[in-house]
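Novice: This is my_file-v8.txt, which holds compact mmCIF, C-alpha atoms:
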```txt
# COMPACT_ATOMS: atom_id res chain seq x y z
CA MET A 28 -79.69 -68.24 -56.58
CA ILE A 29 -82.67 -70.57 -56.95
CA GLN A 30 -83.12 -72.99 -54.08
CA ILE A 31 -85.35 -76.05 -54.07
CA ALA A 32 -86.47 -77.37 -50.70
CA PRO A 33 -89.37 -79.14 -48.99
CA ASP A 34 -92.19 -76.73 -48.27
CA ASP A 35 -95.75 -76.52 -47.01
CA PRO A 36 -98.40 -76.62 -49.76
CA THR A 37 -100.73 -74.62 -47.50
CA ARG A 38 -98.45 -71.54 -47.40
CA PRO A 39 -100.40 -68.61 -48.87
CA ASP A 40 -98.20 -68.05 -51.94
CA VAL A 41 -98.07 -71.79 -52.67
CA HIS A 42 -101.80 -72.17 -52.10
CA GLN A 43 -102.40 -69.44 -54.69
CA LEU A 44 -100.10 -71.10 -57.24
CA LEU A 45 -101.77 -74.48 -56.70
CA SER A 46 -105.22 -72.88 -57.05
CA GLU A 47 -104.14 -71.39 -60.41
CA HIS A 48 -102.80 -74.80 -61.41
CA LEU A 49 -106.09 -76.55 -60.61
CA ALA A 50 -108.12 -73.85 -62.37
CA ASP A 51 -106.01 -74.31 -65.52
CA MET A 52 -106.35 -78.10 -65.33
CA PHE A 53 -110.15 -77.89 -65.16
CA ALA A 54 -110.20 -75.26 -67.93
CA THR A 55 -108.18 -77.45 -70.31
CA SER A 56 -109.32 -80.99 -69.51
CA PRO A 57 -112.61 -82.75 -68.78
CA ALA A 58 -113.15 -83.04 -65.02
CA GLU A 59 -112.84 -86.84 -65.08
CA SER A 60 -109.37 -86.48 -66.63
CA VAL A 61 -107.98 -83.99 -64.09
CA HIS A 62 -105.55 -85.77 -61.79
CA ALA A 63 -103.94 -82.71 -60.19
CA LEU A 64 -103.92 -82.62 -56.41
CA ASP A 65 -105.02 -79.72 -54.25
CA HIS A 66 -102.95 -78.32 -51.39
CA SER A 67 -104.54 -80.61 -48.79
CA ALA A 68 -103.88 -83.77 -50.83
CA LEU A 69 -100.28 -82.62 -51.37
CA SER A 70 -99.85 -82.62 -47.59
CA HIS A 71 -100.18 -86.44 -47.46
CA GLU A 72 -97.29 -88.29 -45.80
CA ALA A 73 -96.50 -90.23 -49.00
CA ILE A 74 -95.84 -86.96 -50.85
CA THR A 75 -92.73 -84.82 -50.66
CA PHE A 76 -93.78 -81.32 -51.71
CA LEU A 77 -91.07 -78.97 -52.95
CA THR A 78 -90.84 -75.33 -53.96
CA ALA A 79 -88.28 -73.38 -55.92
CA ARG A 80 -87.57 -69.96 -54.44
CA GLU A 81 -85.18 -67.12 -55.09
CA ASP A 82 -84.64 -64.67 -52.25
CA GLY A 83 -87.81 -66.07 -50.68
CA VAL A 84 -89.94 -65.45 -53.78
CA LEU A 85 -91.88 -68.48 -55.02
CA LEU A 86 -90.90 -69.50 -58.56
CA GLY A 87 -92.47 -72.94 -58.83
CA CYS A 88 -93.40 -76.20 -57.19
CA GLY A 89 -93.39 -79.93 -57.71
CA ALA A 90 -93.96 -83.08 -55.72
CA LEU A 91 -92.77 -86.66 -55.53
CA LYS A 92 -95.35 -89.22 -54.48
CA GLU A 93 -94.17 -92.61 -53.32
CA LEU A 94 -95.95 -95.59 -54.90
CA ALA A 95 -95.58 -99.35 -54.58
CA ALA A 96 -95.14 -101.38 -57.73
CA SER A 97 -98.27 -103.40 -58.56
CA ASP A 98 -96.18 -106.54 -58.94
CA GLY A 99 -95.07 -106.16 -55.32
CA GLU A 100 -91.50 -105.50 -56.38
CA GLY A 101 -90.10 -102.27 -55.07
CA ARG A 102 -91.21 -98.69 -54.90
CA PHE A 103 -91.32 -95.99 -57.50
CA GLY A 104 -92.30 -92.36 -57.60
CA GLU A 105 -94.84 -90.23 -59.36
CA ILE A 106 -94.24 -86.60 -60.20
CA LYS A 107 -97.17 -84.43 -59.20
CA SER A 108 -98.07 -80.75 -59.41
CA MET A 109 -95.19 -79.39 -61.45
CA ARG A 110 -95.95 -75.70 -61.91
CA THR A 111 -93.93 -72.54 -62.53
CA THR A 112 -95.20 -69.07 -61.72
CA ALA A 113 -95.99 -66.89 -64.73
CA ALA A 114 -93.19 -64.48 -63.78
CA ALA A 115 -90.62 -67.30 -63.65
CA ARG A 116 -91.44 -69.04 -66.93
CA GLY A 117 -88.56 -69.36 -69.34
CA ARG A 118 -85.93 -69.25 -66.57
CA GLY A 119 -85.34 -73.00 -66.35
CA VAL A 120 -87.22 -73.45 -63.07
CA ALA A 121 -89.14 -76.49 -64.33
CA THR A 122 -85.90 -78.14 -65.46
CA LEU A 123 -84.29 -77.51 -62.07
CA MET A 124 -87.34 -78.90 -60.27
CA LEU A 125 -87.51 -81.96 -62.52
CA LYS A 126 -83.81 -82.73 -62.02
CA HIS A 127 -84.19 -82.31 -58.27
CA ILE A 128 -87.17 -84.69 -58.13
CA VAL A 129 -85.42 -87.32 -60.27
CA ALA A 130 -82.28 -87.07 -58.12
CA GLU A 131 -84.39 -87.49 -54.97
CA ALA A 132 -86.02 -90.57 -56.49
CA GLY A 133 -82.53 -91.98 -57.10
CA ARG A 134 -81.48 -91.25 -53.51
CA ARG A 135 -84.55 -93.16 -52.33
CA GLY A 136 -83.64 -96.15 -54.47
CA TYR A 137 -86.65 -95.91 -56.76
CA GLU A 138 -86.35 -97.84 -60.00
CA ARG A 139 -88.41 -95.35 -61.97
CA VAL A 140 -90.34 -92.12 -61.87
CA SER A 141 -93.70 -91.91 -63.65
CA LEU A 142 -96.10 -89.11 -64.42
CA GLU A 143 -99.42 -88.30 -66.04
CA THR A 144 -99.96 -85.21 -68.14
CA GLY A 145 -102.53 -84.06 -70.63
CA THR A 146 -102.84 -84.61 -74.37
CA GLU A 147 -104.16 -81.13 -75.17
CA ASP A 148 -101.91 -78.51 -76.81
CA TYR A 149 -101.78 -76.69 -73.48
CA PHE A 150 -99.63 -79.56 -72.13
CA ALA A 151 -97.24 -79.72 -75.12
CA PRO A 152 -94.48 -77.73 -73.34
CA ALA A 153 -94.64 -80.13 -70.38
CA ARG A 154 -94.48 -83.18 -72.65
CA ARG A 155 -91.47 -81.66 -74.45
CA LEU A 156 -89.74 -80.94 -71.14
CA TYR A 157 -90.18 -84.50 -69.94
CA ALA A 158 -89.09 -85.98 -73.29
CA ARG A 159 -85.96 -83.77 -73.33
CA HIS A 160 -85.02 -85.31 -70.00
CA GLY A 161 -85.44 -88.91 -71.12
CA PHE A 162 -89.05 -89.67 -70.20
CA THR A 163 -90.85 -91.96 -72.62
CA GLU A 164 -94.51 -92.82 -72.99
CA CYS A 165 -95.71 -95.83 -71.04
CA PRO A 166 -98.97 -97.59 -70.14
CA PRO A 167 -101.10 -96.29 -67.28
CA PHE A 168 -99.58 -97.00 -63.87
CA ALA A 169 -100.84 -97.19 -60.27
CA ASN A 170 -104.60 -96.50 -60.25
CA TYR A 171 -104.72 -94.75 -63.63
CA THR A 172 -106.65 -96.19 -66.57
CA LEU A 173 -106.45 -95.53 -70.28
CA ASP A 174 -107.78 -92.05 -70.97
CA PRO A 175 -107.71 -90.23 -74.32
CA ASN A 176 -106.93 -87.02 -72.40
CA SER A 177 -103.88 -88.44 -70.60
CA VAL A 178 -100.31 -89.24 -71.57
CA PHE A 179 -98.33 -91.46 -69.21
CA MET A 180 -94.55 -91.20 -69.13
CA GLU A 181 -91.72 -92.79 -67.17
CA LEU A 182 -88.00 -92.58 -66.64
CA ALA A 183 -85.71 -95.30 -65.31
CA VAL A 184 -83.81 -93.96 -62.33
CA SER A 185 -80.31 -94.90 -61.27
CA PRO A 186 -79.93 -95.35 -57.51
CA LYS A 187 -77.57 -92.79 -55.96
```
Could I get this file's structure written as structure tokens?
Specialist:
Amino acid sequence: MIQIAPDDPTRPDVHQLLSEHLADMFATSPAESVHALDHSALSHEAITFLTAREDGVLLGCGALKELAASDGEGRFGEIKSMRTTAAARGRGVATLMLKHIVAEAGRRGYERVSLETGTEDYFAPARRLYARHGFTECPPFANYTLDPNSVFMELAVSPK
């Protein structure tokens, strides 16, 4: 059974997965358009870092970063560092992680969850995943600016 729980982004297996993630981001996007966080940034107190494991084996990771709305009204979350191991792809791990993160956002009373992903073909599966789960394109949020290499998406969240 796959279990999703808070974890330490500096654990060796997680560190390796995040290093692969960053390497792929820099290989597919211009450096100024890479917004992925490394393991030390994912350790920040405003970020809840999660892993999906089965019998202790790492299958994937994701994070929820708390943000304050620019209009001063409420908090919302940003999905960061969604990644599935090569061996676990096609098993629904990303869907499980996404649902877990959205549910956590609802438990926290967030009004929405936002994310940034790339425009390149490499990111097409991620964009399809998010769209299948109700995310729609939106303007840049938080400290992001318009970038031809970025797609911004959001989902309204129902408080739980």
Novice: Rounded to one decimal place, report the CA of Met109 (chain A)-CA of Leu44 (chain A) distance in Å.
Specialist: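 The value is 10.5 Å.
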Novice: Near Thr122 (chain A), within 9 Å and counting only C-alpha atoms, which residues show up once chain neighbours fewer than 6 positions away are dropped, as a list in words?
Specialist: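 Using only C-alpha atoms, the neighbours found are Leu156, Tyr157 and His160 of chain A.
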Novice: Residues as selected, C-alpha atoms, written as a PDB file, in the frame of the given file, can you do that?
Specialist:
```pdb
ATOM      1  CA  LEU A 156     -89.740 -80.940 -71.140  1.00  0.00           C
ATOM      2  CA  TYR A 157     -90.180 -84.500 -69.940  1.00  0.00           C
ATOM      3  CA  HIS A 160     -85.020 -85.310 -70.000  1.00  0.00           C
TER       4      HIS A 160
END
```
Novice: Here is a test: counting only C-alpha atoms, which residue of A:Asp35, A:Asp51, A:Glu131, A:Glu143 is nearest to Asp174 (chain A)?
Specialist: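 When distances to Asp174 (chain A) are compared using only C-alpha atoms, the smallest one comes from A:Glu143.
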Novice: Which residue out of A:Glu47, A:Glu72, A:Asp65, A:Glu181 has the minimum interatomic distance to Val129 (chain A) when all atoms listed in the file are used?
Specialist: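 Checking each candidate against Val129 (chain A), we get A:Glu181 as the closest.
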Novice: Please provide the set of residues having any atom within 9 Å of Arg80 (chain A), restricted to all atoms listed in the file, with same-chain residues fewer than 2 positions apart removed, written as a tab-separated table (two decimals) with C-alpha atoms, keeping the file's coordinate frame.
Specialist:
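Ended up saving to selection02.tsv:
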```tsv
chain	number	residue	atom	x	y	z
A	28	MET	CA	-79.69	-68.24	-56.58
A	29	ILE	CA	-82.67	-70.57	-56.95
A	30	GLN	CA	-83.12	-72.99	-54.08
A	31	ILE	CA	-85.35	-76.05	-54.07
A	32	ALA	CA	-86.47	-77.37	-50.70
A	78	THR	CA	-90.84	-75.33	-53.96
A	82	ASP	CA	-84.64	-64.67	-52.25
A	83	GLY	CA	-87.81	-66.07	-50.68
A	84	VAL	CA	-89.94	-65.45	-53.78
A	85	LEU	CA	-91.88	-68.48	-55.02
A	86	LEU	CA	-90.90	-69.50	-58.56
A	87	GLY	CA	-92.47	-72.94	-58.83
A	88	CYS	CA	-93.40	-76.20	-57.19
```
Novice: Rounded to one decimal place, report the CA of Gly89 (chain A)-CA of Arg110 (chain A) distance in Å.
Specialist: 6.5 Å
Novice: Go through A:Pro166, A:Arg154, A:Phe53, A:Arg118 and flag the residue nearest Glu81 (chain A), using all atoms listed in the file for the distances.
Specialist: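 When distances to Glu81 (chain A) are compared using all atoms listed in the file, the smallest one comes from A:Arg118.
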Novice: Quick one: pull the distance between CA of Ala132 (chain A) and CA of Leu77 (chain A), Å, one decimal.
Specialist: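 Interatomic distance here is 13.1 Å.
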Novice: Which one is closest to Met124 (chain A): A:Arg139, A:Arg155, A:Lys107, A:His48? Count all atoms listed in the file.
Specialist: A:Lys107
Novice: Find the residue from A:Phe150, A:Arg159, A:Gly117, A:Arg134 that sits nearest to Val178 (chain A); use all atoms listed in the file when measuring.
Specialist: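 Once distances to Val178 (chain A) are computed over all atoms listed in the file, the minimum belongs to A:Phe150.
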Novice: Taking all atoms listed in the file into account, which of A:Pro152, A:Pro186, A:Gly104, A:Gly119 comes nearest Gly133 (chain A)?
Specialist: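 Closest to Gly133 (chain A) of all the choices is A:Pro186.
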Novice: Please, can region 95-130 of chain A be completed to N, CA and C atoms and returned as an mmCIF file, in the coordinates of the input?
Specialist:
```
data_model
loop_
_atom_site.group_PDB
_atom_site.id
_atom_site.type_symbol
_atom_site.label_atom_id
_atom_site.label_comp_id
_atom_site.auth_asym_id
_atom_site.auth_seq_id
_atom_site.Cartn_x
_atom_site.Cartn_y
_atom_site.Cartn_z
ATOM 1 N N ALA A 95 -96.080 -97.970 -54.593
ATOM 2 C CA ALA A 95 -95.580 -99.350 -54.580
ATOM 3 C C ALA A 95 -95.886 -99.972 -55.928
ATOM 4 N N ALA A 96 -94.938 -100.707 -56.447
ATOM 5 C CA ALA A 96 -95.140 -101.380 -57.730
ATOM 6 C C ALA A 96 -96.277 -102.391 -57.589
ATOM 7 N N SER A 97 -97.113 -102.494 -58.609
ATOM 8 C CA SER A 97 -98.270 -103.400 -58.560
ATOM 9 C C SER A 97 -97.851 -104.861 -58.505
ATOM 10 N N ASP A 98 -96.647 -105.151 -58.977
ATOM 11 C CA ASP A 98 -96.180 -106.540 -58.940
ATOM 12 C C ASP A 98 -95.553 -106.881 -57.593
ATOM 13 N N GLY A 99 -95.622 -105.935 -56.649
ATOM 14 C CA GLY A 99 -95.070 -106.160 -55.320
ATOM 15 C C GLY A 99 -93.569 -106.002 -55.241
ATOM 16 N N GLU A 100 -92.956 -105.627 -56.343
ATOM 17 C CA GLU A 100 -91.500 -105.500 -56.380
ATOM 18 C C GLU A 100 -91.089 -104.049 -56.347
ATOM 19 N N GLY A 101 -90.704 -103.584 -55.193
ATOM 20 C CA GLY A 101 -90.100 -102.270 -55.070
ATOM 21 C C GLY A 101 -91.073 -101.109 -55.034
ATOM 22 N N ARG A 102 -90.467 -99.945 -54.942
ATOM 23 C CA ARG A 102 -91.210 -98.690 -54.900
ATOM 24 C C ARG A 102 -90.795 -97.845 -56.092
ATOM 25 N N PHE A 103 -91.677 -96.953 -56.471
ATOM 26 C CA PHE A 103 -91.320 -95.990 -57.500
ATOM 27 C C PHE A 103 -92.032 -94.691 -57.164
ATOM 28 N N GLY A 104 -91.717 -93.651 -57.894
ATOM 29 C CA GLY A 104 -92.300 -92.360 -57.600
ATOM 30 C C GLY A 104 -93.123 -91.823 -58.735
ATOM 31 N N GLU A 105 -94.029 -90.941 -58.372
ATOM 32 C CA GLU A 105 -94.840 -90.230 -59.360
ATOM 33 C C GLU A 105 -94.623 -88.739 -59.169
ATOM 34 N N ILE A 106 -94.369 -88.057 -60.247
ATOM 35 C CA ILE A 106 -94.240 -86.600 -60.200
ATOM 36 C C ILE A 106 -95.634 -86.007 -60.233
ATOM 37 N N LYS A 107 -95.882 -85.094 -59.300
ATOM 38 C CA LYS A 107 -97.170 -84.430 -59.200
ATOM 39 C C LYS A 107 -96.957 -82.909 -59.144
ATOM 40 N N SER A 108 -97.951 -82.190 -59.621
ATOM 41 C CA SER A 108 -98.070 -80.750 -59.410
ATOM 42 C C SER A 108 -96.868 -79.907 -59.808
ATOM 43 N N MET A 109 -96.258 -80.242 -60.936
ATOM 44 C CA MET A 109 -95.190 -79.390 -61.450
ATOM 45 C C MET A 109 -95.842 -78.112 -61.992
ATOM 46 N N ARG A 110 -95.376 -76.979 -61.498
ATOM 47 C CA ARG A 110 -95.950 -75.700 -61.910
ATOM 48 C C ARG A 110 -94.920 -74.604 -61.687
ATOM 49 N N THR A 111 -94.801 -73.708 -62.643
ATOM 50 C CA THR A 111 -93.930 -72.540 -62.530
ATOM 51 C C THR A 111 -94.807 -71.302 -62.516
ATOM 52 N N THR A 112 -94.435 -70.313 -61.726
ATOM 53 C CA THR A 112 -95.200 -69.070 -61.720
ATOM 54 C C THR A 112 -95.055 -68.396 -63.077
ATOM 55 N N ALA A 113 -96.035 -67.590 -63.445
ATOM 56 C CA ALA A 113 -95.990 -66.890 -64.730
ATOM 57 C C ALA A 113 -94.735 -66.028 -64.839
ATOM 58 N N ALA A 114 -94.358 -65.367 -63.770
ATOM 59 C CA ALA A 114 -93.190 -64.480 -63.780
ATOM 60 C C ALA A 114 -91.877 -65.241 -63.956
ATOM 61 N N ALA A 115 -91.857 -66.522 -63.590
ATOM 62 C CA ALA A 115 -90.620 -67.300 -63.650
ATOM 63 C C ALA A 115 -90.492 -68.160 -64.900
ATOM 64 N N ARG A 116 -91.495 -68.181 -65.743
ATOM 65 C CA ARG A 116 -91.440 -69.040 -66.930
ATOM 66 C C ARG A 116 -90.304 -68.617 -67.860
ATOM 67 N N GLY A 117 -89.665 -69.621 -68.428
ATOM 68 C CA GLY A 117 -88.560 -69.360 -69.340
ATOM 69 C C GLY A 117 -87.215 -69.217 -68.639
ATOM 70 N N ARG A 118 -87.185 -69.393 -67.334
ATOM 71 C CA ARG A 118 -85.930 -69.250 -66.570
ATOM 72 C C ARG A 118 -85.311 -70.589 -66.210
ATOM 73 N N GLY A 119 -85.892 -71.689 -66.641
ATOM 74 C CA GLY A 119 -85.340 -73.000 -66.350
ATOM 75 C C GLY A 119 -85.759 -73.580 -65.006
ATOM 76 N N VAL A 120 -86.764 -72.975 -64.378
ATOM 77 C CA VAL A 120 -87.220 -73.450 -63.070
ATOM 78 C C VAL A 120 -87.771 -74.864 -63.163
ATOM 79 N N ALA A 121 -88.556 -75.148 -64.183
ATOM 80 C CA ALA A 121 -89.140 -76.490 -64.330
ATOM 81 C C ALA A 121 -88.040 -77.534 -64.514
ATOM 82 N N THR A 122 -87.014 -77.211 -65.278
ATOM 83 C CA THR A 122 -85.900 -78.140 -65.460
ATOM 84 C C THR A 122 -85.187 -78.396 -64.146
ATOM 85 N N LEU A 123 -84.927 -77.344 -63.377
ATOM 86 C CA LEU A 123 -84.290 -77.510 -62.070
ATOM 87 C C LEU A 123 -85.137 -78.383 -61.149
ATOM 88 N N MET A 124 -86.441 -78.120 -61.133
ATOM 89 C CA MET A 124 -87.340 -78.900 -60.270
ATOM 90 C C MET A 124 -87.357 -80.358 -60.709
ATOM 91 N N LEU A 125 -87.464 -80.595 -62.005
ATOM 92 C CA LEU A 125 -87.510 -81.960 -62.520
ATOM 93 C C LEU A 125 -86.224 -82.713 -62.154
ATOM 94 N N LYS A 126 -85.077 -82.081 -62.361
ATOM 95 C CA LYS A 126 -83.810 -82.730 -62.020
ATOM 96 C C LYS A 126 -83.723 -83.025 -60.529
ATOM 97 N N HIS A 127 -84.211 -82.118 -59.718
ATOM 98 C CA HIS A 127 -84.190 -82.310 -58.270
ATOM 99 C C HIS A 127 -85.058 -83.509 -57.879
ATOM 100 N N ILE A 128 -86.252 -83.586 -58.452
ATOM 101 C CA ILE A 128 -87.170 -84.690 -58.130
ATOM 102 C C ILE A 128 -86.584 -86.024 -58.579
ATOM 103 N N VAL A 129 -86.017 -86.070 -59.779
ATOM 104 C CA VAL A 129 -85.420 -87.320 -60.270
ATOM 105 C C VAL A 129 -84.242 -87.727 -59.397
ATOM 106 N N ALA A 130 -83.415 -86.761 -58.990
ATOM 107 C CA ALA A 130 -82.280 -87.070 -58.120
ATOM 108 C C ALA A 130 -82.770 -87.598 -56.767
#
```
